[in-house]
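Notes to accompany the following structure.
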Amino acid sequence: MIIGVGIDVAEIERFGAALERTPQLADRLFSASELTLPSGERRGVASLAARFAAKEALAKALGAPGGLLWSDAEVWVEESGQPRLRVTGTVAARAAELGVRGWHVSLSHDAGVASAVVIAEG
């Protein structure tokens with residue numbers, strides 16, 4: 001059963017400008033593994049913007065309650081390239097309240113916009 005669906009978009013250039021303007025922002029929004037590619041290189045702005053959109057979409061799928069921490073949601077990628085969500089702390093607690101047992105996430109970026117869809121399944 002679908003418990004919630006969230007979608008969000010982020011303008012890549014605007015998101016990149018925010019990261020440049022506030023260098024510590026990346027560390028507040030993302031885990032170390034989200035900031036780097038498997039090769040160890042820093043992840044590009046478009047990819048980070050898509051991950052940010054996924055966190056926003058995740059909050060919407062949970063009913064957008066206050067008090068969720070950015071650091072309690074992490075987007076990771078399987079070897080196949082499929083994105084997944086890992087939730088802990090405040091996000092995991094809200095998901096448990098709603099009976100969420102699994103997540104589906106899709107990320108995309110094109111034409112200057114990053115987007116994400118998250119489905120919370122119970």
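Labels used: A, B, ... for chains in the order of the structure tokens, numbers from 1 for residues in each chain, and numbers from 1 for ligands as shown.
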
Within 7 Å of range 81-97 of chain A, which residues of range 48-74 of chain A show up? Give each one with its shortest atom-to-atom distance in Å (one decimal) and the two atoms involved, counting only C-alpha atoms, rows by chain then rising residue number, as CSV.
```
residue,atom,partner,partner_atom,distance
A:Leu62,CA,A:Ala95,CA,6.7
A:Leu68,CA,A:Thr90,CA,5.4
A:Leu69,CA,A:Thr90,CA,6.4
A:Asp72,CA,A:Thr88,CA,4.9
A:Ala73,CA,A:Val87,CA,4.6
A:Glu74,CA,A:Arg86,CA,5.1
```

Suppose we keep all heavy atoms; can you now write the selection as an mmCIF file, in the first residue's frame?
```cif
data_model
loop_
_atom_site.group_PDB
_atom_site.id
_atom_site.type_symbol
_atom_site.label_atom_id
_atom_site.label_comp_id
_atom_site.auth_asym_id
_atom_site.auth_seq_id
_atom_site.Cartn_x
_atom_site.Cartn_y
_atom_site.Cartn_z
ATOM 1 N N LEU A 62 6.208 11.972 3.607
ATOM 2 C CA LEU A 62 5.906 11.736 5.024
ATOM 3 C C LEU A 62 4.932 12.764 5.596
ATOM 4 O O LEU A 62 4.718 12.818 6.798
ATOM 5 C CB LEU A 62 7.199 11.744 5.844
ATOM 6 C CG LEU A 62 8.172 10.600 5.556
ATOM 7 C CD1 LEU A 62 9.463 10.793 6.341
ATOM 8 C CD2 LEU A 62 7.532 9.260 5.879
ATOM 9 N N LEU A 68 12.186 17.265 10.894
ATOM 10 C CA LEU A 68 13.007 16.264 10.224
ATOM 11 C C LEU A 68 14.398 16.842 9.980
ATOM 12 O O LEU A 68 14.530 17.998 9.595
ATOM 13 C CB LEU A 68 12.389 15.839 8.889
ATOM 14 C CG LEU A 68 11.010 15.183 8.936
ATOM 15 C CD1 LEU A 68 10.558 14.815 7.529
ATOM 16 C CD2 LEU A 68 11.011 13.957 9.836
ATOM 17 N N LEU A 69 15.421 16.033 10.178
ATOM 18 C CA LEU A 69 16.796 16.478 9.959
ATOM 19 C C LEU A 69 17.310 15.988 8.610
ATOM 20 O O LEU A 69 17.112 14.823 8.251
ATOM 21 C CB LEU A 69 17.708 15.945 11.073
ATOM 22 C CG LEU A 69 17.378 16.387 12.495
ATOM 23 C CD1 LEU A 69 18.302 15.703 13.489
ATOM 24 C CD2 LEU A 69 17.475 17.902 12.620
ATOM 25 N N ASP A 72 19.288 12.844 8.515
ATOM 26 C CA ASP A 72 18.603 11.572 8.812
ATOM 27 C C ASP A 72 18.041 10.904 7.565
ATOM 28 O O ASP A 72 17.302 9.925 7.659
ATOM 29 C CB ASP A 72 17.492 11.786 9.846
ATOM 30 C CG ASP A 72 18.048 12.054 11.244
ATOM 31 O OD1 ASP A 72 19.248 11.804 11.463
ATOM 32 O OD2 ASP A 72 17.277 12.508 12.106
ATOM 33 N N ALA A 73 18.384 11.421 6.396
ATOM 34 C CA ALA A 73 18.002 10.805 5.118
ATOM 35 C C ALA A 73 19.228 10.814 4.229
ATOM 36 O O ALA A 73 19.907 11.834 4.107
ATOM 37 C CB ALA A 73 16.862 11.573 4.465
ATOM 38 N N GLU A 74 19.511 9.677 3.631
ATOM 39 C CA GLU A 74 20.686 9.565 2.762
ATOM 40 C C GLU A 74 20.301 8.841 1.479
ATOM 41 O O GLU A 74 19.626 7.815 1.517
ATOM 42 C CB GLU A 74 21.774 8.773 3.484
ATOM 43 C CG GLU A 74 23.035 8.625 2.695
ATOM 44 C CD GLU A 74 24.097 7.839 3.441
ATOM 45 O OE1 GLU A 74 23.772 6.843 4.099
ATOM 46 O OE2 GLU A 74 25.264 8.243 3.338
#
```

I'd like a table as a Markdown table: residues in range 46-107 of chain A with an atom no more than 12 Å from range 11-22 of chain A, each row giving the shortest atom pair and its distance in Å to one decimal, only C-alpha atoms counted, sorted by chain and rising residue number.
```
| residue | atom | partner | partner_atom | distance |
| --- | --- | --- | --- | --- |
| A:Ala46 | CA | A:Ile12 | CA | 5.6 |
| A:Ser47 | CA | A:Ile12 | CA | 8.9 |
| A:Leu48 | CA | A:Phe15 | CA | 8.6 |
| A:Ala49 | CA | A:Ile12 | CA | 6.0 |
| A:Ala50 | CA | A:Ile12 | CA | 8.4 |
| A:Arg51 | CA | A:Phe15 | CA | 11.2 |
| A:Phe52 | CA | A:Phe15 | CA | 9.0 |
| A:Ala53 | CA | A:Glu11 | CA | 9.6 |
```

For range 115-119 of chain A, work out the shell of residues within 9 Å, counting only C-alpha atoms and skipping chain neighbours fewer than 5 positions away, then give it as an MDAnalysis selection string. chainID A and resid 2:11 49:58 60:61 102:110

Picked from range 27-72 of chain A by DSSP as helix (DSSP H, G or I), as a ChimeraX atom specification: /A:27-29,32-35,45-61,70-72

Quick one, how far is CA of Ala120 in chain A from CA of Met1 in chain A?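 Straight-line distance from CA of Ala120 in chain A to CA of Met1 in chain A works out to 8.7 Å.
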
Nearest to Arg28 in chain A: which of A:Val77, A:Gly122, A:Glu41, A:Ser71 is it, counting only C-alpha atoms?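 Smallest separation from Arg28 in chain A among the options: A:Ser71.
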
As a tab-separated table (two decimals) with N, CA and C atoms, in the first residue's frame, please: every residue in chain A that a backbone DSSP assignment puts in strand (DSSP E or B).
```tsv
chain	number	residue	atom	x	y	z
A	2	ILE	N	0.52	2.22	-0.79
A	2	ILE	CA	1.25	3.48	-0.83
A	2	ILE	C	0.80	4.35	0.33
A	3	ILE	N	1.75	4.77	1.13
A	3	ILE	CA	1.46	5.63	2.28
A	3	ILE	C	1.64	7.10	1.92
A	4	GLY	N	2.58	7.39	1.04
A	4	GLY	CA	2.81	8.77	0.63
A	4	GLY	C	3.65	8.86	-0.62
A	5	VAL	N	3.44	9.96	-1.34
A	5	VAL	CA	4.21	10.24	-2.55
A	5	VAL	C	4.70	11.68	-2.45
A	6	GLY	N	5.96	11.89	-2.80
A	6	GLY	CA	6.50	13.23	-2.81
A	6	GLY	C	7.27	13.47	-4.10
A	7	ILE	N	7.23	14.68	-4.58
A	7	ILE	CA	8.00	15.08	-5.76
A	7	ILE	C	8.58	16.45	-5.48
A	8	ASP	N	9.80	16.68	-6.02
A	8	ASP	CA	10.40	17.98	-5.85
A	8	ASP	C	11.36	18.25	-7.01
A	9	VAL	N	11.58	19.50	-7.29
A	9	VAL	CA	12.54	19.92	-8.32
A	9	VAL	C	13.47	20.97	-7.71
A	10	ALA	N	14.68	21.03	-8.27
A	10	ALA	CA	15.64	22.04	-7.83
A	10	ALA	C	16.34	22.59	-9.07
A	11	GLU	N	16.38	23.90	-9.17
A	11	GLU	CA	17.10	24.52	-10.28
A	11	GLU	C	18.61	24.36	-10.00
A	36	THR	N	30.51	12.32	-2.49
A	36	THR	CA	31.55	11.77	-3.35
A	36	THR	C	31.02	10.62	-4.21
A	42	ARG	N	34.60	14.34	-6.11
A	42	ARG	CA	33.42	15.07	-5.59
A	42	ARG	C	32.27	14.97	-6.59
A	73	ALA	N	18.38	11.42	6.40
A	73	ALA	CA	18.00	10.80	5.12
A	73	ALA	C	19.23	10.81	4.23
A	74	GLU	N	19.51	9.68	3.63
A	74	GLU	CA	20.69	9.57	2.76
A	74	GLU	C	20.30	8.84	1.48
A	75	VAL	N	20.72	9.40	0.36
A	75	VAL	CA	20.53	8.76	-0.94
A	75	VAL	C	21.82	8.02	-1.26
A	76	TRP	N	21.70	6.74	-1.52
A	76	TRP	CA	22.86	5.94	-1.94
A	76	TRP	C	22.49	5.18	-3.20
A	77	VAL	N	23.47	4.65	-3.87
A	77	VAL	CA	23.23	4.03	-5.17
A	77	VAL	C	23.77	2.60	-5.16
A	83	PRO	N	19.06	4.28	-7.43
A	83	PRO	CA	19.14	5.03	-6.17
A	83	PRO	C	18.24	4.40	-5.10
A	84	ARG	N	18.68	4.53	-3.87
A	84	ARG	CA	17.95	4.02	-2.71
A	84	ARG	C	17.99	5.07	-1.61
A	85	LEU	N	17.10	4.91	-0.64
A	85	LEU	CA	17.07	5.80	0.52
A	85	LEU	C	17.43	5.02	1.78
A	86	ARG	N	18.21	5.65	2.63
A	86	ARG	CA	18.51	5.12	3.95
A	86	ARG	C	18.02	6.18	4.94
A	87	VAL	N	17.16	5.78	5.87
A	87	VAL	CA	16.63	6.75	6.83
A	87	VAL	C	16.98	6.32	8.25
A	102	GLY	N	9.04	0.45	3.20
A	102	GLY	CA	9.97	0.50	2.08
A	102	GLY	C	9.85	1.80	1.32
A	103	TRP	N	10.86	2.06	0.51
A	103	TRP	CA	10.95	3.30	-0.25
A	103	TRP	C	11.24	3.02	-1.72
A	104	HIS	N	10.74	3.88	-2.57
A	104	HIS	CA	11.08	3.88	-3.99
A	104	HIS	C	11.50	5.31	-4.30
A	105	VAL	N	12.61	5.46	-5.01
A	105	VAL	CA	13.10	6.80	-5.33
A	105	VAL	C	13.60	6.82	-6.77
A	106	SER	N	13.31	7.92	-7.45
A	106	SER	CA	13.80	8.14	-8.80
A	106	SER	C	14.38	9.55	-8.87
A	107	LEU	N	15.58	9.66	-9.45
A	107	LEU	CA	16.27	10.94	-9.59
A	107	LEU	C	16.49	11.24	-11.06
A	108	SER	N	16.47	12.52	-11.40
A	108	SER	CA	16.75	12.91	-12.77
A	108	SER	C	17.28	14.34	-12.79
A	109	HIS	N	18.05	14.66	-13.81
A	109	HIS	CA	18.44	16.06	-14.03
A	109	HIS	C	18.67	16.27	-15.51
A	110	ASP	N	18.07	17.37	-16.01
A	110	ASP	CA	18.16	17.71	-17.42
A	110	ASP	C	17.69	19.15	-17.58
A	113	VAL	N	17.43	21.51	-14.55
A	113	VAL	CA	16.56	21.19	-13.42
A	113	VAL	C	16.85	19.78	-12.94
A	114	ALA	N	16.93	19.61	-11.62
A	114	ALA	CA	17.05	18.29	-11.02
A	114	ALA	C	15.70	17.96	-10.39
A	115	SER	N	15.31	16.69	-10.47
A	115	SER	CA	14.02	16.30	-9.90
A	115	SER	C	14.13	14.96	-9.20
A	116	ALA	N	13.18	14.72	-8.32
A	116	ALA	CA	13.10	13.44	-7.62
A	116	ALA	C	11.67	13.13	-7.26
A	117	VAL	N	11.38	11.84	-7.27
A	117	VAL	CA	10.09	11.32	-6.82
A	117	VAL	C	10.39	10.28	-5.75
A	118	VAL	N	9.65	10.33	-4.66
A	118	VAL	CA	9.78	9.35	-3.59
A	118	VAL	C	8.41	8.78	-3.27
A	119	ILE	N	8.35	7.46	-3.18
A	119	ILE	CA	7.13	6.76	-2.78
A	119	ILE	C	7.42	6.01	-1.49
A	120	ALA	N	6.59	6.26	-0.48
A	120	ALA	CA	6.68	5.54	0.79
A	120	ALA	C	5.66	4.41	0.74
A	121	GLU	N	6.14	3.20	0.97
A	121	GLU	CA	5.27	2.03	0.86
A	121	GLU	C	5.11	1.37	2.23
```
